[in-house]
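Chemist: Quick one: structure below, then a few questions.
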Amino acid sequence: MTAWFDVARALIRRPRLWGTALRQIRVMAPDGWWRRAPFLPVSAADYMRFRLVTQYGDENHRPAPGDVMDYLAWCRRWNRLDERG
């Protein structure tokens, strides 16, 4: 959980990524997340394990805030390209 606080602190310093972060939370949250504990829009554990293994080679590796910011910046650029059609 500490790693996600580090990610949140990094995100606070990058206001232009706030909208992208909210969009990605919405896109990656499982359907009906509000009906199941922990009642937060968090990605499925299997998906997070997959992402950590493909990124770091270890499902127990803590996500690096810089890597998450790079991912959000990439999403932001991709969404802008997609909107241009």
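In the structure tokens, the first chain shown is A, the next is B, and so on; residue numbers restart at 1 for each chain, and ligands run from 1 in the order shown.
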Quick check for you: according to DSSP on this backbone, which residues of chain A are classed as helix (DSSP H, G or I)? Reply as a PyMOL selection string.

Modeler: chain A and resi 2-12+15-28+33-35+45-56+65-84

Chemist: With only C-alpha atoms as the counted atoms, please give the residues lying no more than 9 Å from region 58-70 of chain A, apart from itself and same-chain residues fewer than 6 positions off, as a ChimeraX atom specification.

Modeler: /A:1-4,6-11,14,17,48-52

Chemist: Please dump the current selection as a compact mmCIF listing (two decimals), in the first residue's frame; keep all heavy atoms.

Modeler:
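Saved to again.txt:
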# COMPACT_ATOMS: atom_id res chain seq x y z
N MET A 1 0.82 -1.20 0.00
CA MET A 1 0.00 0.00 0.00
C MET A 1 0.86 1.26 0.00
O MET A 1 0.48 2.26 -0.58
CB MET A 1 -0.90 -0.06 1.24
CG MET A 1 -2.18 0.67 1.12
SD MET A 1 -3.14 0.05 -0.26
CE MET A 1 -4.30 1.33 -0.36
N THR A 2 2.01 1.19 0.63
CA THR A 2 2.91 2.35 0.69
C THR A 2 3.29 2.82 -0.70
O THR A 2 3.39 4.02 -0.94
CB THR A 2 4.18 2.01 1.49
OG1 THR A 2 3.78 1.55 2.78
CG2 THR A 2 5.08 3.20 1.64
N ALA A 3 3.51 1.88 -1.60
CA ALA A 3 3.90 2.25 -2.97
C ALA A 3 2.84 3.14 -3.61
O ALA A 3 3.17 4.09 -4.34
CB ALA A 3 4.14 1.01 -3.80
N TRP A 4 1.58 2.85 -3.36
CA TRP A 4 0.51 3.65 -3.98
C TRP A 4 0.44 5.04 -3.37
O TRP A 4 0.07 5.99 -4.06
CB TRP A 4 -0.82 2.91 -3.89
CG TRP A 4 -0.78 1.68 -4.74
CD1 TRP A 4 -0.83 0.39 -4.32
CD2 TRP A 4 -0.61 1.61 -6.16
NE1 TRP A 4 -0.71 -0.47 -5.38
CE2 TRP A 4 -0.57 0.25 -6.53
CE3 TRP A 4 -0.47 2.57 -7.16
CZ2 TRP A 4 -0.42 -0.16 -7.85
CZ3 TRP A 4 -0.32 2.14 -8.48
CH2 TRP A 4 -0.30 0.81 -8.81
N ASP A 6 3.15 6.65 -2.51
CA ASP A 6 4.25 7.29 -3.24
C ASP A 6 3.79 7.72 -4.63
O ASP A 6 4.13 8.80 -5.11
CB ASP A 6 5.45 6.36 -3.34
CG ASP A 6 6.10 6.07 -1.99
OD1 ASP A 6 5.87 6.85 -1.04
OD2 ASP A 6 6.82 5.06 -1.89
N VAL A 7 3.01 6.87 -5.28
CA VAL A 7 2.46 7.20 -6.60
C VAL A 7 1.53 8.40 -6.48
O VAL A 7 1.59 9.33 -7.30
CB VAL A 7 1.73 5.98 -7.21
CG1 VAL A 7 0.93 6.40 -8.44
CG2 VAL A 7 2.72 4.88 -7.56
N ALA A 8 0.68 8.41 -5.47
CA ALA A 8 -0.25 9.53 -5.27
C ALA A 8 0.52 10.84 -5.04
O ALA A 8 0.14 11.89 -5.59
CB ALA A 8 -1.19 9.25 -4.10
N ARG A 9 1.58 10.78 -4.26
CA ARG A 9 2.40 11.99 -4.03
C ARG A 9 3.02 12.48 -5.33
O ARG A 9 3.05 13.68 -5.59
CB ARG A 9 3.49 11.70 -3.00
CG ARG A 9 3.07 11.93 -1.59
CD ARG A 9 4.27 12.00 -0.67
NE ARG A 9 5.04 10.77 -0.69
CZ ARG A 9 4.91 9.79 0.18
NH1 ARG A 9 4.04 9.89 1.16
NH2 ARG A 9 5.66 8.71 0.08
N ALA A 10 3.48 11.57 -6.16
CA ALA A 10 4.06 11.96 -7.45
C ALA A 10 2.99 12.57 -8.35
O ALA A 10 3.24 13.55 -9.05
CB ALA A 10 4.71 10.75 -8.12
N LEU A 11 1.80 12.01 -8.30
CA LEU A 11 0.70 12.51 -9.13
C LEU A 11 0.25 13.90 -8.69
O LEU A 11 -0.08 14.74 -9.53
CB LEU A 11 -0.47 11.52 -9.10
CG LEU A 11 -1.65 11.84 -10.00
CD1 LEU A 11 -1.22 11.92 -11.45
CD2 LEU A 11 -2.74 10.80 -9.81
N ARG A 14 1.81 16.64 -10.46
CA ARG A 14 1.61 16.69 -11.91
C ARG A 14 0.13 16.88 -12.25
O ARG A 14 -0.54 15.95 -12.72
CB ARG A 14 2.15 15.42 -12.56
CG ARG A 14 3.65 15.31 -12.44
CD ARG A 14 4.12 13.93 -12.84
NE ARG A 14 5.55 13.79 -12.75
CZ ARG A 14 6.21 13.50 -11.63
NH1 ARG A 14 5.58 13.34 -10.49
NH2 ARG A 14 7.53 13.39 -11.63
N LEU A 17 -1.78 15.50 -15.30
CA LEU A 17 -2.08 14.07 -15.40
C LEU A 17 -3.28 13.65 -14.55
O LEU A 17 -3.68 12.50 -14.60
CB LEU A 17 -0.85 13.24 -15.00
CG LEU A 17 0.36 13.34 -15.92
CD1 LEU A 17 1.51 12.51 -15.37
CD2 LEU A 17 0.00 12.89 -17.32
N MET A 48 -3.22 -6.78 -11.90
CA MET A 48 -2.08 -6.09 -11.30
C MET A 48 -0.86 -7.01 -11.22
O MET A 48 0.26 -6.58 -11.48
CB MET A 48 -2.43 -5.55 -9.91
CG MET A 48 -3.42 -4.39 -9.94
SD MET A 48 -2.92 -3.04 -11.04
CE MET A 48 -1.40 -2.51 -10.28
N ARG A 49 -1.08 -8.28 -10.89
CA ARG A 49 0.03 -9.24 -10.88
C ARG A 49 0.65 -9.34 -12.27
O ARG A 49 1.87 -9.31 -12.42
CB ARG A 49 -0.44 -10.61 -10.40
CG ARG A 49 -0.25 -10.84 -8.93
CD ARG A 49 -0.46 -12.30 -8.54
NE ARG A 49 -1.78 -12.81 -8.86
CZ ARG A 49 -2.88 -12.59 -8.13
NH1 ARG A 49 -2.81 -11.87 -7.04
NH2 ARG A 49 -4.03 -13.09 -8.49
N PHE A 50 -0.19 -9.46 -13.28
CA PHE A 50 0.29 -9.54 -14.66
C PHE A 50 1.12 -8.32 -15.02
O PHE A 50 2.20 -8.44 -15.59
CB PHE A 50 -0.91 -9.68 -15.62
CG PHE A 50 -0.56 -9.45 -17.05
CD1 PHE A 50 0.09 -10.43 -17.78
CD2 PHE A 50 -0.87 -8.25 -17.67
CE1 PHE A 50 0.42 -10.23 -19.11
CE2 PHE A 50 -0.55 -8.04 -18.99
CZ PHE A 50 0.11 -9.02 -19.71
N ARG A 51 0.62 -7.13 -14.69
CA ARG A 51 1.34 -5.90 -15.01
C ARG A 51 2.69 -5.83 -14.30
O ARG A 51 3.69 -5.42 -14.89
CB ARG A 51 0.50 -4.67 -14.64
CG ARG A 51 -0.75 -4.50 -15.46
CD ARG A 51 -0.47 -4.22 -16.89
NE ARG A 51 0.36 -3.04 -16.98
CZ ARG A 51 0.87 -2.55 -18.10
NH1 ARG A 51 0.63 -3.15 -19.23
NH2 ARG A 51 1.62 -1.49 -18.10
N LEU A 52 2.73 -6.23 -13.02
CA LEU A 52 3.98 -6.19 -12.27
C LEU A 52 4.99 -7.20 -12.81
O LEU A 52 6.18 -6.90 -12.91
CB LEU A 52 3.72 -6.42 -10.78
CG LEU A 52 2.98 -5.28 -10.07
CD1 LEU A 52 2.57 -5.71 -8.68
CD2 LEU A 52 3.83 -4.03 -10.03

Chemist: Distance CA of Pro30 (chain A)-CA of Val42 (chain A), one decimal place?

Modeler: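 Atom-to-atom, CA of Pro30 (chain A) and CA of Val42 (chain A) are spaced 7.4 Å apart.
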
Chemist: When distances are computed from only C-alpha atoms, which of A:Asp46, A:Tyr56, A:Pro41, A:Trp34 shows the smallest separation from Leu22 (chain A)?

Modeler: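 For Leu22 (chain A), the nearest of the candidates is A:Pro41.
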
Chemist: Can you work out the spacing between CA of Thr54 (chain A) and CA of Pro15 (chain A) in Å, to one decimal?

Modeler: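 CA of Pro15 (chain A) lies at a distance of 27.8 Å from CA of Thr54 (chain A).
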
Chemist: How many Å separate CA of Gly19 (chain A) from CA of Leu81 (chain A)?

Modeler: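 It comes out at 15.8 Å.
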
Chemist: Counting only C-alpha atoms, what is within 12 Å of Asp31 (chain A), bar same-chain residues fewer than 4 positions away, as a PyMOL selection string?

Modeler: chain A and resi 25-27+35-36+39-44

Chemist: Only C-alpha atoms, please: the residues just picked out, written as a PDB file, in the first residue's frame.

Modeler:
ATOM      1  CA  ILE A  25      -9.093   4.424 -12.920  1.00  0.00           C
ATOM      2  CA  ARG A  26     -12.507   4.417 -14.578  1.00  0.00           C
ATOM      3  CA  VAL A  27     -11.331   2.328 -17.538  1.00  0.00           C
ATOM      4  CA  ARG A  35     -20.685  -3.799  -4.723  1.00  0.00           C
ATOM      5  CA  ARG A  36     -17.565  -5.621  -3.477  1.00  0.00           C
ATOM      6  CA  PHE A  39     -15.546  -0.739  -2.360  1.00  0.00           C
ATOM      7  CA  LEU A  40     -12.864   1.102  -4.329  1.00  0.00           C
ATOM      8  CA  PRO A  41     -12.313   1.244  -8.101  1.00  0.00           C
ATOM      9  CA  VAL A  42      -9.145  -0.859  -8.007  1.00  0.00           C
ATOM     10  CA  SER A  43      -8.012  -3.158 -10.785  1.00  0.00           C
ATOM     11  CA  ALA A  44      -8.387  -6.893 -10.373  1.00  0.00           C
TER      12      ALA A  44
END

Chemist: Compile the contact shell of Cys75 (chain A) as an mmCIF file with N, CA, C and O atoms, in the first residue's frame: residues with an atom at most 9 Å away, counting only C-alpha atoms, same-chain residues fewer than 6 positions apart removed.

Modeler:
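Saved to selection.cif:
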data_model
loop_
_atom_site.group_PDB
_atom_site.id
_atom_site.type_symbol
_atom_site.label_atom_id
_atom_site.label_comp_id
_atom_site.auth_asym_id
_atom_site.auth_seq_id
_atom_site.Cartn_x
_atom_site.Cartn_y
_atom_site.Cartn_z
ATOM 1 N N THR A 20 -6.165 12.297 -16.657
ATOM 2 C CA THR A 20 -5.779 11.009 -17.241
ATOM 3 C C THR A 20 -5.829 9.915 -16.187
ATOM 4 O O THR A 20 -6.303 8.805 -16.453
ATOM 5 N N ALA A 21 -5.351 10.225 -14.980
ATOM 6 C CA ALA A 21 -5.379 9.235 -13.893
ATOM 7 C C ALA A 21 -6.821 8.834 -13.577
ATOM 8 O O ALA A 21 -7.122 7.640 -13.427
ATOM 9 N N GLN A 24 -8.088 6.590 -16.364
ATOM 10 C CA GLN A 24 -7.538 5.241 -16.289
ATOM 11 C C GLN A 24 -8.146 4.450 -15.133
ATOM 12 O O GLN A 24 -8.377 3.254 -15.265
#
